[in-house]
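See structure below.
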Amino acid sequence: MENKIHASDQDRQIPRYYYEVTNRAFGKGGHYRVAATVYLTLTGHGPSYIGWTENDKVRIIPICIAYAGDDGTSLNSAVLEPGAAMSGCEPVKPIVEWYG
């Protein structure tokens with residue numbers, strides 16, 4: 001999960017994180033597996049795709065979720081309800097519950 005507040009993405013930031021995790025050894029001969037890439041922002045906008053390769057775009061499909069309501073100040077109970085997410089983004093509560 002990338003928690004992005006008042007900051008810009010670095011070049012290929014999400015793919016670099018993804019490959020760092022999936023190439024890290026786990027247990028006896030295995031590697032970590034990424035169940036989902038969640039991009040959490042104040043408004044629910046997606047990550048910057050600058051520098052992403054076609055392979056990155058195929059392997060990494062970010063789930064964009066809104067951190068706050070229209071005022072963009074804080075996570076509150078209204079944002080946690082299913083109807084509160086911005087168009088094209090997932091609400092926070094079901095994502096957190098499902099991945100938790």
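Residues are named by chain letter and number: chains run A, B, ... in the order of the structure tokens, numbers start at 1 in each chain, and ligands are numbered from 1 in the order shown.
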
All residues 12 Å or closer to region 5-21 of chain A, only C-alpha atoms, same chain fewer than 6 positions away omitted, as a ChimeraX atom specification: /A:30-63,66-68,72-75
